[in-house]
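Below is protein22.cif, holding mmCIF, N, CA and C atoms.
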data_input
#
loop_
_atom_site.label_atom_id
_atom_site.label_comp_id
_atom_site.auth_asym_id
_atom_site.auth_seq_id
_atom_site.Cartn_x
_atom_site.Cartn_y
_atom_site.Cartn_z
N MET A 687 -12.42 -40.35 -28.17
CA MET A 687 -12.87 -38.99 -28.27
C MET A 687 -13.78 -38.63 -27.09
N ARG A 688 -14.75 -39.50 -26.80
CA ARG A 688 -15.67 -39.24 -25.72
C ARG A 688 -14.95 -39.21 -24.37
N LEU A 689 -13.98 -40.09 -24.19
CA LEU A 689 -13.20 -40.13 -22.95
C LEU A 689 -12.44 -38.82 -22.75
N SER A 690 -11.86 -38.26 -23.80
CA SER A 690 -11.11 -37.02 -23.66
C SER A 690 -12.04 -35.84 -23.31
N VAL A 691 -13.26 -35.84 -23.82
CA VAL A 691 -14.22 -34.79 -23.47
C VAL A 691 -14.59 -34.90 -22.00
N VAL A 692 -14.83 -36.12 -21.53
CA VAL A 692 -15.15 -36.34 -20.13
C VAL A 692 -13.98 -35.89 -19.25
N CYS A 693 -12.77 -36.21 -19.63
CA CYS A 693 -11.58 -35.81 -18.87
C CYS A 693 -11.45 -34.29 -18.82
N LEU A 694 -11.71 -33.62 -19.93
CA LEU A 694 -11.64 -32.16 -19.96
C LEU A 694 -12.69 -31.53 -19.05
N VAL A 695 -13.89 -32.08 -19.06
CA VAL A 695 -14.95 -31.56 -18.20
C VAL A 695 -14.58 -31.76 -16.74
N LEU A 696 -14.07 -32.92 -16.39
CA LEU A 696 -13.66 -33.19 -15.01
C LEU A 696 -12.52 -32.28 -14.58
N LEU A 697 -11.57 -32.05 -15.46
CA LEU A 697 -10.44 -31.17 -15.17
C LEU A 697 -10.94 -29.74 -14.93
N ALA A 698 -11.84 -29.27 -15.76
CA ALA A 698 -12.40 -27.92 -15.60
C ALA A 698 -13.14 -27.81 -14.27
N LEU A 699 -13.90 -28.84 -13.91
CA LEU A 699 -14.63 -28.84 -12.65
C LEU A 699 -13.67 -28.82 -11.47
N LEU A 700 -12.61 -29.60 -11.54
CA LEU A 700 -11.62 -29.65 -10.47
C LEU A 700 -10.95 -28.29 -10.29
N ILE A 701 -10.57 -27.65 -11.37
CA ILE A 701 -9.92 -26.34 -11.30
C ILE A 701 -10.88 -25.32 -10.69
N SER A 702 -12.15 -25.38 -11.06
CA SER A 702 -13.14 -24.45 -10.53
C SER A 702 -13.29 -24.63 -9.02
N VAL A 703 -13.38 -25.85 -8.56
CA VAL A 703 -13.53 -26.13 -7.13
C VAL A 703 -12.30 -25.67 -6.36
N LEU A 704 -11.12 -25.95 -6.89
CA LEU A 704 -9.89 -25.55 -6.20
C LEU A 704 -9.74 -24.04 -6.14
N SER A 705 -10.13 -23.34 -7.18
CA SER A 705 -9.99 -21.89 -7.19
C SER A 705 -10.95 -21.23 -6.22
N LEU A 706 -12.06 -21.84 -5.90
CA LEU A 706 -12.99 -21.28 -4.93
C LEU A 706 -12.39 -21.23 -3.54
N GLY A 707 -11.52 -22.16 -3.21
CA GLY A 707 -10.91 -22.20 -1.90
C GLY A 707 -9.81 -21.18 -1.71
N CYS A 708 -9.34 -20.56 -2.77
CA CYS A 708 -8.22 -19.63 -2.69
C CYS A 708 -8.66 -18.24 -2.23
N LYS A 709 -9.83 -17.85 -2.53
CA LYS A 709 -10.30 -16.51 -2.21
C LYS A 709 -11.72 -16.64 -1.67
N ARG A 710 -12.05 -15.86 -0.70
CA ARG A 710 -13.41 -15.93 -0.20
C ARG A 710 -14.08 -14.58 -0.34
N LYS A 711 -15.38 -14.56 -0.20
CA LYS A 711 -16.12 -13.32 -0.27
C LYS A 711 -15.85 -12.49 0.97
N ALA A 712 -16.08 -11.20 0.84
CA ALA A 712 -15.93 -10.31 1.99
C ALA A 712 -16.93 -10.70 3.08
N PRO A 713 -16.49 -10.69 4.32
CA PRO A 713 -17.42 -10.98 5.41
C PRO A 713 -18.39 -9.81 5.59
N THR A 714 -19.37 -10.00 6.42
CA THR A 714 -20.28 -8.91 6.76
C THR A 714 -19.46 -7.78 7.37
N ARG A 715 -19.73 -6.58 6.90
CA ARG A 715 -18.98 -5.41 7.37
C ARG A 715 -19.32 -5.13 8.84
N PRO A 716 -18.31 -5.16 9.72
CA PRO A 716 -18.58 -4.88 11.13
C PRO A 716 -19.02 -3.43 11.35
N ARG A 717 -19.74 -3.21 12.42
CA ARG A 717 -20.16 -1.86 12.79
C ARG A 717 -18.92 -0.98 12.94
N GLY A 718 -19.00 0.23 12.41
CA GLY A 718 -17.90 1.18 12.54
C GLY A 718 -16.96 1.20 11.34
N VAL A 719 -17.03 0.19 10.48
CA VAL A 719 -16.20 0.18 9.28
C VAL A 719 -16.95 0.96 8.20
N PRO A 720 -16.34 2.02 7.66
CA PRO A 720 -17.06 2.85 6.68
C PRO A 720 -17.44 2.07 5.42
N ALA A 721 -18.53 2.49 4.81
CA ALA A 721 -19.00 1.85 3.58
C ALA A 721 -17.98 1.97 2.46
N SER A 722 -17.12 2.97 2.53
CA SER A 722 -16.10 3.17 1.50
C SER A 722 -14.92 2.21 1.64
N ALA A 723 -14.82 1.51 2.77
CA ALA A 723 -13.70 0.58 2.99
C ALA A 723 -13.82 -0.62 2.06
N VAL A 724 -12.69 -1.03 1.51
CA VAL A 724 -12.62 -2.15 0.57
C VAL A 724 -12.04 -3.36 1.29
N TRP A 725 -12.67 -4.52 1.12
CA TRP A 725 -12.15 -5.73 1.74
C TRP A 725 -11.19 -6.45 0.80
N ALA A 726 -10.11 -6.96 1.36
CA ALA A 726 -9.19 -7.82 0.62
C ALA A 726 -8.74 -8.92 1.56
N GLY A 727 -8.58 -10.12 1.03
CA GLY A 727 -8.14 -11.24 1.85
C GLY A 727 -8.31 -12.55 1.14
N GLY A 728 -8.18 -13.60 1.90
CA GLY A 728 -8.29 -14.94 1.36
C GLY A 728 -8.97 -15.87 2.34
N ALA A 729 -8.69 -17.14 2.19
CA ALA A 729 -9.34 -18.16 3.00
C ALA A 729 -9.04 -18.01 4.49
N ASP A 730 -7.87 -17.43 4.83
CA ASP A 730 -7.50 -17.29 6.24
C ASP A 730 -7.92 -15.95 6.84
N GLY A 731 -8.68 -15.16 6.10
CA GLY A 731 -9.14 -13.88 6.61
C GLY A 731 -8.64 -12.73 5.77
N GLY A 732 -8.90 -11.54 6.24
CA GLY A 732 -8.50 -10.36 5.49
C GLY A 732 -8.71 -9.13 6.33
N ALA A 733 -8.87 -8.00 5.65
CA ALA A 733 -9.05 -6.72 6.33
C ALA A 733 -9.83 -5.79 5.42
N PHE A 734 -10.40 -4.75 6.03
CA PHE A 734 -11.03 -3.68 5.27
C PHE A 734 -10.04 -2.51 5.23
N PHE A 735 -9.92 -1.89 4.06
CA PHE A 735 -8.93 -0.84 3.83
C PHE A 735 -9.60 0.45 3.36
N THR A 736 -9.14 1.59 3.86
CA THR A 736 -9.44 2.88 3.27
C THR A 736 -8.13 3.62 3.12
N CYS A 737 -7.89 4.20 1.96
CA CYS A 737 -6.71 5.03 1.71
C CYS A 737 -7.10 6.14 0.76
N THR A 738 -6.71 7.35 1.08
CA THR A 738 -6.93 8.44 0.14
C THR A 738 -5.90 8.32 -0.97
N PRO A 739 -6.32 8.38 -2.23
CA PRO A 739 -5.36 8.31 -3.32
C PRO A 739 -4.47 9.56 -3.34
N SER A 740 -3.24 9.37 -3.76
CA SER A 740 -2.32 10.49 -3.91
C SER A 740 -2.50 11.09 -5.29
N GLU A 741 -2.58 12.41 -5.35
CA GLU A 741 -2.72 13.09 -6.63
C GLU A 741 -1.44 13.78 -7.07
N LYS A 742 -0.63 14.21 -6.10
CA LYS A 742 0.61 14.93 -6.43
C LYS A 742 1.80 14.38 -5.66
N GLY A 743 1.75 13.10 -5.31
CA GLY A 743 2.86 12.48 -4.59
C GLY A 743 2.75 12.53 -3.09
N GLU A 744 1.72 13.20 -2.57
CA GLU A 744 1.55 13.28 -1.11
C GLU A 744 1.25 11.89 -0.55
N PRO A 745 1.57 11.66 0.73
CA PRO A 745 1.31 10.35 1.34
C PRO A 745 -0.17 9.99 1.31
N ASN A 746 -0.44 8.70 1.31
CA ASN A 746 -1.80 8.19 1.44
C ASN A 746 -2.16 8.18 2.92
N ILE A 747 -3.36 8.63 3.23
CA ILE A 747 -3.88 8.53 4.60
C ILE A 747 -4.72 7.26 4.62
N CYS A 748 -4.25 6.26 5.39
CA CYS A 748 -4.88 4.93 5.35
C CYS A 748 -5.34 4.49 6.73
N THR A 749 -6.40 3.72 6.72
CA THR A 749 -6.87 3.01 7.92
C THR A 749 -7.17 1.59 7.50
N VAL A 750 -6.70 0.63 8.30
CA VAL A 750 -6.96 -0.78 8.06
C VAL A 750 -7.74 -1.31 9.25
N TYR A 751 -8.86 -1.96 8.97
CA TYR A 751 -9.75 -2.49 10.01
C TYR A 751 -9.72 -4.01 10.01
N GLN A 752 -9.71 -4.62 11.20
CA GLN A 752 -9.82 -6.07 11.28
C GLN A 752 -11.18 -6.49 10.74
N ASP A 753 -11.19 -7.51 9.90
CA ASP A 753 -12.45 -7.87 9.24
C ASP A 753 -13.45 -8.53 10.15
N SER A 754 -13.02 -9.08 11.28
CA SER A 754 -13.97 -9.76 12.16
C SER A 754 -14.57 -8.84 13.22
N THR A 755 -13.80 -7.81 13.65
CA THR A 755 -14.27 -6.96 14.74
C THR A 755 -14.51 -5.51 14.32
N GLY A 756 -13.87 -5.07 13.25
CA GLY A 756 -13.96 -3.68 12.84
C GLY A 756 -12.99 -2.78 13.58
N GLU A 757 -12.19 -3.36 14.48
CA GLU A 757 -11.21 -2.55 15.21
C GLU A 757 -10.14 -2.05 14.25
N VAL A 758 -9.64 -0.84 14.53
CA VAL A 758 -8.56 -0.28 13.72
C VAL A 758 -7.29 -1.06 14.01
N TYR A 759 -6.69 -1.57 12.95
CA TYR A 759 -5.50 -2.40 13.03
C TYR A 759 -4.25 -1.57 12.70
N MET A 760 -4.38 -0.70 11.72
CA MET A 760 -3.29 0.20 11.33
C MET A 760 -3.92 1.51 10.88
N GLU A 761 -3.21 2.60 11.09
CA GLU A 761 -3.65 3.87 10.51
C GLU A 761 -2.48 4.83 10.48
N GLY A 762 -2.55 5.75 9.55
CA GLY A 762 -1.50 6.76 9.45
C GLY A 762 -1.26 7.16 8.01
N ASN A 763 -0.13 7.82 7.81
CA ASN A 763 0.30 8.26 6.49
C ASN A 763 1.28 7.24 5.92
N PHE A 764 1.07 6.86 4.65
CA PHE A 764 1.88 5.82 4.03
C PHE A 764 2.39 6.28 2.67
N VAL A 765 3.57 5.78 2.30
CA VAL A 765 4.14 6.03 0.97
C VAL A 765 4.61 4.70 0.39
N LEU A 766 4.78 4.69 -0.93
CA LEU A 766 5.28 3.48 -1.59
C LEU A 766 6.75 3.26 -1.23
N LYS A 767 7.06 2.04 -0.84
CA LYS A 767 8.43 1.67 -0.50
C LYS A 767 9.33 1.91 -1.71
N ASN A 768 10.49 2.46 -1.48
CA ASN A 768 11.52 2.76 -2.48
C ASN A 768 11.13 3.88 -3.44
N GLU A 769 9.94 4.46 -3.29
CA GLU A 769 9.55 5.56 -4.17
C GLU A 769 9.23 6.81 -3.37
N MET A 770 8.89 6.63 -2.10
CA MET A 770 8.61 7.71 -1.17
C MET A 770 7.56 8.70 -1.70
N ARG A 771 6.56 8.16 -2.35
CA ARG A 771 5.40 8.93 -2.79
C ARG A 771 4.16 8.12 -2.48
N GLY A 772 3.03 8.78 -2.40
CA GLY A 772 1.79 8.08 -2.19
C GLY A 772 1.35 7.33 -3.43
N ALA A 773 0.54 6.31 -3.25
CA ALA A 773 0.01 5.53 -4.37
C ALA A 773 -1.17 6.27 -4.99
N THR A 774 -1.26 6.20 -6.30
CA THR A 774 -2.39 6.80 -7.02
C THR A 774 -3.62 5.91 -6.87
N ALA A 775 -4.76 6.43 -7.29
CA ALA A 775 -6.00 5.66 -7.23
C ALA A 775 -5.87 4.34 -7.97
N GLY A 776 -5.20 4.34 -9.12
CA GLY A 776 -5.03 3.12 -9.91
C GLY A 776 -4.09 2.11 -9.27
N GLU A 777 -3.26 2.54 -8.36
CA GLU A 777 -2.32 1.64 -7.68
C GLU A 777 -2.89 1.07 -6.38
N LEU A 778 -3.95 1.65 -5.87
CA LEU A 778 -4.52 1.21 -4.59
C LEU A 778 -5.41 -0.02 -4.77
N MET A 779 -4.78 -1.14 -5.12
CA MET A 779 -5.46 -2.43 -5.24
C MET A 779 -4.91 -3.30 -4.11
N PHE A 780 -5.67 -3.39 -3.01
CA PHE A 780 -5.20 -4.00 -1.78
C PHE A 780 -5.11 -5.51 -1.89
N VAL A 781 -4.05 -6.05 -1.27
CA VAL A 781 -3.86 -7.50 -1.19
C VAL A 781 -3.95 -7.94 0.27
N THR A 782 -3.14 -7.33 1.13
CA THR A 782 -3.13 -7.70 2.55
C THR A 782 -2.37 -6.64 3.33
N ALA A 783 -2.33 -6.79 4.64
CA ALA A 783 -1.54 -5.95 5.53
C ALA A 783 -0.96 -6.84 6.61
N ASP A 784 0.22 -6.48 7.11
CA ASP A 784 0.85 -7.32 8.13
C ASP A 784 1.09 -6.59 9.45
N GLY A 785 0.53 -5.40 9.61
CA GLY A 785 0.74 -4.64 10.83
C GLY A 785 1.82 -3.61 10.68
N ASP A 786 2.69 -3.79 9.71
CA ASP A 786 3.75 -2.83 9.44
C ASP A 786 3.64 -2.24 8.03
N LYS A 787 3.15 -3.02 7.11
CA LYS A 787 3.07 -2.62 5.71
C LYS A 787 1.70 -2.98 5.13
N ILE A 788 1.34 -2.25 4.08
CA ILE A 788 0.12 -2.55 3.31
C ILE A 788 0.60 -3.02 1.95
N TYR A 789 0.20 -4.23 1.58
CA TYR A 789 0.64 -4.82 0.31
C TYR A 789 -0.43 -4.58 -0.75
N LEU A 790 0.03 -4.10 -1.90
CA LEU A 790 -0.85 -3.82 -3.03
C LEU A 790 -0.53 -4.77 -4.17
N ALA A 791 -1.41 -4.80 -5.16
CA ALA A 791 -1.16 -5.60 -6.36
C ALA A 791 0.10 -5.08 -7.06
N HIS A 792 0.64 -5.89 -7.93
CA HIS A 792 1.83 -5.56 -8.74
C HIS A 792 3.07 -5.34 -7.88
N ASN A 793 3.15 -6.05 -6.75
CA ASN A 793 4.31 -6.00 -5.86
C ASN A 793 4.60 -4.62 -5.29
N LEU A 794 3.59 -3.80 -5.14
CA LEU A 794 3.76 -2.50 -4.51
C LEU A 794 3.50 -2.64 -3.02
N ILE A 795 4.25 -1.88 -2.23
CA ILE A 795 4.12 -1.95 -0.77
C ILE A 795 4.06 -0.54 -0.22
N LEU A 796 3.06 -0.27 0.61
CA LEU A 796 2.97 1.00 1.32
C LEU A 796 3.61 0.83 2.70
N ILE A 797 4.48 1.78 3.05
CA ILE A 797 5.14 1.77 4.36
C ILE A 797 4.77 3.05 5.10
N PRO A 798 4.74 3.01 6.45
CA PRO A 798 4.38 4.21 7.19
C PRO A 798 5.44 5.29 7.04
N VAL A 799 5.00 6.53 6.97
CA VAL A 799 5.89 7.68 6.95
C VAL A 799 6.50 7.79 8.35
N ALA A 800 7.76 8.19 8.42
CA ALA A 800 8.42 8.36 9.71
C ALA A 800 7.57 9.27 10.59
N GLY A 801 7.32 8.83 11.81
CA GLY A 801 6.50 9.58 12.74
C GLY A 801 5.03 9.22 12.67
N SER A 802 4.64 8.45 11.67
CA SER A 802 3.26 8.00 11.55
C SER A 802 3.06 6.79 12.45
N ARG A 803 1.84 6.52 12.84
CA ARG A 803 1.59 5.46 13.81
C ARG A 803 1.71 4.05 13.25
N GLY A 804 1.39 3.82 11.99
CA GLY A 804 1.43 2.46 11.47
C GLY A 804 0.51 1.55 12.27
N ARG A 805 1.09 0.52 12.89
CA ARG A 805 0.29 -0.42 13.68
C ARG A 805 -0.27 0.28 14.90
N VAL A 806 -1.57 0.09 15.15
CA VAL A 806 -2.17 0.67 16.33
C VAL A 806 -2.82 -0.38 17.21
N GLY A 807 -3.06 -1.53 16.69
CA GLY A 807 -3.72 -2.58 17.45
C GLY A 807 -2.79 -3.75 17.69
N PRO A 808 -3.30 -4.77 18.35
CA PRO A 808 -2.50 -5.97 18.57
C PRO A 808 -2.25 -6.68 17.23
N PRO A 809 -1.28 -7.59 17.20
CA PRO A 809 -1.05 -8.34 15.98
C PRO A 809 -2.33 -9.01 15.51
N LYS A 810 -2.53 -9.02 14.22
CA LYS A 810 -3.72 -9.62 13.65
C LYS A 810 -3.68 -11.13 13.85
N PRO A 811 -4.73 -11.72 14.40
CA PRO A 811 -4.74 -13.18 14.59
C PRO A 811 -4.75 -13.90 13.25
N ARG A 812 -4.09 -15.02 13.19
CA ARG A 812 -4.04 -15.85 11.97
C ARG A 812 -4.81 -17.10 12.17
#
Representation of the structure as C-alpha coordinates:
Amino acid sequence: MRLSVVCLVLLALLISVLSLGCKRKAPTRPRGVPASAVWAGGADGGAFFTCTPSEKGEPNICTVYQDSTGEVYMEGNFVLKNEMRGATAGELMFVTADGDKIYLAHNLILIPVAGSRGRVGPPKPR
(Lines of atoms letter the chains of each structure in order from A and count residues from 1; the text may use other names and numbers.)
(Lines give C-alpha, C1' and ligand atoms only; values in the text may rest on other atoms or scores of the structure.)
Protein backbone atom coordinates (compact mmCIF):
# COMPACT_ATOMS: atom_id res chain seq x y z
CA MET A 1 0.00 0.00 0.00
CA ARG A 2 2.73 2.45 0.99
CA LEU A 3 4.74 1.64 -2.15
CA SER A 4 1.75 2.42 -4.40
CA VAL A 5 1.25 5.81 -2.69
CA VAL A 6 4.92 6.64 -3.21
CA CYS A 7 4.65 5.60 -6.88
CA LEU A 8 1.57 7.78 -7.37
CA VAL A 9 3.30 10.79 -5.81
CA LEU A 10 6.38 10.27 -8.01
CA LEU A 11 4.20 9.89 -11.11
CA ALA A 12 2.33 13.11 -10.31
CA LEU A 13 5.62 14.93 -9.78
CA LEU A 14 7.01 13.63 -13.07
CA ILE A 15 3.91 14.73 -15.00
CA SER A 16 4.08 18.18 -13.39
CA VAL A 17 7.74 18.64 -14.33
CA LEU A 18 7.18 17.45 -17.90
CA SER A 19 4.17 19.71 -18.42
CA LEU A 20 6.20 22.76 -17.37
CA GLY A 21 8.51 22.25 -20.33
CA CYS A 22 5.67 22.29 -22.85
CA LYS A 23 4.57 25.87 -22.39
CA ARG A 24 6.45 28.86 -21.11
CA LYS A 25 5.41 32.19 -19.70
CA ALA A 26 5.15 35.21 -21.94
CA PRO A 27 8.46 37.01 -22.31
CA THR A 28 8.87 40.65 -21.36
CA ARG A 29 6.80 42.70 -23.78
CA PRO A 30 9.16 44.48 -26.21
CA ARG A 31 8.88 48.22 -26.71
CA GLY A 32 6.24 49.05 -29.32
CA VAL A 33 4.03 46.00 -28.68
CA PRO A 34 0.65 47.28 -27.45
CA ALA A 35 -0.54 46.31 -23.99
CA SER A 36 -3.62 44.77 -25.63
CA ALA A 37 -1.48 42.23 -27.54
CA VAL A 38 -1.82 38.64 -26.32
CA TRP A 39 1.18 36.31 -26.22
CA ALA A 40 0.94 32.71 -27.37
CA GLY A 41 3.74 30.21 -27.81
CA GLY A 42 5.73 27.42 -26.32
CA ALA A 43 9.23 26.40 -25.35
CA ASP A 44 10.63 27.39 -28.77
CA GLY A 45 9.16 30.90 -28.68
CA GLY A 46 5.98 32.59 -29.68
CA ALA A 47 4.45 35.87 -30.77
CA PHE A 48 2.24 38.69 -29.57
CA PHE A 49 -1.13 38.95 -31.36
CA THR A 50 -3.74 41.66 -31.79
CA CYS A 51 -6.91 41.03 -33.81
CA THR A 52 -10.16 42.93 -33.84
CA PRO A 53 -13.02 40.50 -33.27
CA SER A 54 -15.56 40.14 -36.06
CA GLU A 55 -19.11 41.06 -35.11
CA LYS A 56 -20.92 40.64 -38.43
CA GLY A 57 -18.57 38.43 -40.45
CA GLU A 58 -16.18 41.21 -41.45
CA PRO A 59 -12.47 40.29 -41.64
CA ASN A 60 -10.29 40.50 -38.55
CA ILE A 61 -7.66 43.23 -38.63
CA CYS A 62 -4.60 41.52 -37.13
CA THR A 63 -1.02 42.33 -36.29
CA VAL A 64 1.49 39.72 -35.14
CA TYR A 65 4.68 40.86 -33.40
CA GLN A 66 7.89 38.87 -32.92
CA ASP A 67 8.14 38.16 -29.22
CA SER A 68 11.86 38.88 -28.95
CA THR A 69 12.08 42.16 -30.89
CA GLY A 70 8.55 43.53 -31.15
CA GLU A 71 8.93 43.84 -34.92
CA VAL A 72 5.76 43.38 -36.95
CA TYR A 73 5.83 39.88 -38.40
CA MET A 74 2.40 39.81 -40.07
CA GLU A 75 -0.41 42.29 -40.47
CA GLY A 76 -3.54 42.73 -42.51
CA ASN A 77 -7.10 41.55 -42.87
CA PHE A 78 -7.78 37.88 -42.12
CA VAL A 79 -10.72 35.48 -42.41
CA LEU A 80 -11.29 31.93 -41.22
CA LYS A 81 -10.12 29.36 -43.75
CA ASN A 82 -13.02 27.60 -45.52
CA GLU A 83 -15.54 29.97 -43.92
CA MET A 84 -14.44 33.31 -45.37
CA ARG A 85 -15.63 35.26 -42.34
CA GLY A 86 -13.77 36.89 -39.50
CA ALA A 87 -13.35 35.10 -36.18
CA THR A 88 -15.53 36.19 -33.27
CA ALA A 89 -14.09 37.27 -29.93
CA GLY A 90 -14.72 33.78 -28.55
CA GLU A 91 -12.80 32.17 -31.42
CA LEU A 92 -9.71 34.40 -31.13
CA MET A 93 -7.68 32.03 -28.94
CA PHE A 94 -4.20 32.23 -30.47
CA VAL A 95 -1.90 29.24 -30.79
CA THR A 96 0.82 30.29 -33.25
CA ALA A 97 1.54 31.95 -36.60
CA ASP A 98 3.75 30.77 -39.44
CA GLY A 99 4.10 33.91 -41.57
CA ASP A 100 1.19 32.96 -43.80
CA LYS A 101 -1.53 31.88 -41.39
CA ILE A 102 -2.63 32.52 -37.81
CA TYR A 103 -3.56 29.33 -35.98
CA LEU A 104 -6.29 29.44 -33.36
CA ALA A 105 -7.57 26.90 -30.84
CA HIS A 106 -10.08 24.28 -32.01
CA ASN A 107 -8.27 23.82 -35.35
CA LEU A 108 -9.34 27.22 -36.67
CA ILE A 109 -7.00 29.02 -39.07
CA LEU A 110 -7.02 32.66 -40.12
CA ILE A 111 -5.78 33.32 -43.67
CA PRO A 112 -5.03 36.70 -45.27
CA VAL A 113 -7.75 38.26 -47.41
CA ALA A 114 -6.75 38.54 -51.07
CA GLY A 115 -4.81 41.77 -51.47
CA SER A 116 -3.91 41.91 -47.78
CA ARG A 117 -0.24 41.96 -46.86
CA GLY A 118 -0.05 38.90 -44.60
CA ARG A 119 3.67 38.40 -43.96
CA VAL A 120 5.54 41.67 -43.70
CA GLY A 121 8.78 40.67 -42.06
CA PRO A 122 11.44 38.04 -42.59
CA PRO A 123 10.66 34.44 -41.69
CA LYS A 124 10.39 33.99 -37.96
CA PRO A 125 13.56 32.40 -36.55
CA ARG A 126 13.13 28.98 -34.95
Please provide the set of residues having any atom within 8 Å of Cys737 of chain A, restricted to all atoms listed in the file, with same-chain residues fewer than 3 positions apart removed, written as a count of residues only. 12
Name the residues in contact with Gly743 of chain A at a cut-off of 6.5 Å, using only N, CA and C atoms, excluding same-chain residues fewer than 5 positions from it; report them as an MDAnalysis selection string. chainID A and resid 770:772
From A:Thr774, A:Asn763, A:Ser754, A:Thr714, residue lying nearest Ala800 of chain A [only C-alpha atoms]: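 So, comparing all the options, the nearest one is A:Asn763.
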One decimal, Å: what's the distance from atom N of Leu796 of chain A over to atom CA of Lys767 of chain A, could you say?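 Between atom N of Leu796 of chain A and atom CA of Lys767 of chain A the gap works out to 5.8 Å.
Closest to Glu777 of chain A among A:Phe764, A:Val799, A:Ala791, A:Gly728 is A:Ala791, based on only N, CA and C atoms.
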Interatomic distance between atom N of Lys742 of chain A and atom C of Ala773 of chain A?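 Computing the Euclidean distance for atom N of Lys742 of chain A and atom C of Ala773 of chain A yields 8.0 Å.
Between atom CA of Glu769 of chain A and atom CA of Gly727 of chain A there is a distance of 25.1 Å.
Here the residues within segment 696-808 of chain A that DSSP labels helix (DSSP H, G or I) on the basis of the backbone are Leu696, Leu697, Ala698, Leu699, Leu700, Ile701, Ser702, Val703, Leu704, Ser705, Leu706, Ala775, Gly776 and Glu777 of chain A.
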When you count only N, CA and C atoms, which of these residues is closest to Ala729 of chain A: A:Lys787, A:Lys711, A:Arg717, A:His792?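 Closest candidate: A:Lys711.
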Which is closest to Pro713 of chain A among A:Phe735, A:Tyr751, A:Tyr759, A:Trp725, if we use all atoms listed in the file?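 Nearest candidate to Pro713 of chain A out of A:Phe735, A:Tyr751, A:Tyr759, A:Trp725: A:Trp725.
Proximity to Gly785 of chain A was assessed for A:Glu744, A:Ala733, A:Gly718, A:Gly801 counting only C-alpha atoms; the smallest distance is recorded for A:Ala733.
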Among listed residues A:Ser802, A:Asn768, A:Ile795, A:Gly762, nearest Val781 of chain A (using only C-alpha atoms):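 With only C-alpha atoms as the atom set, the closest residue is A:Ile795.
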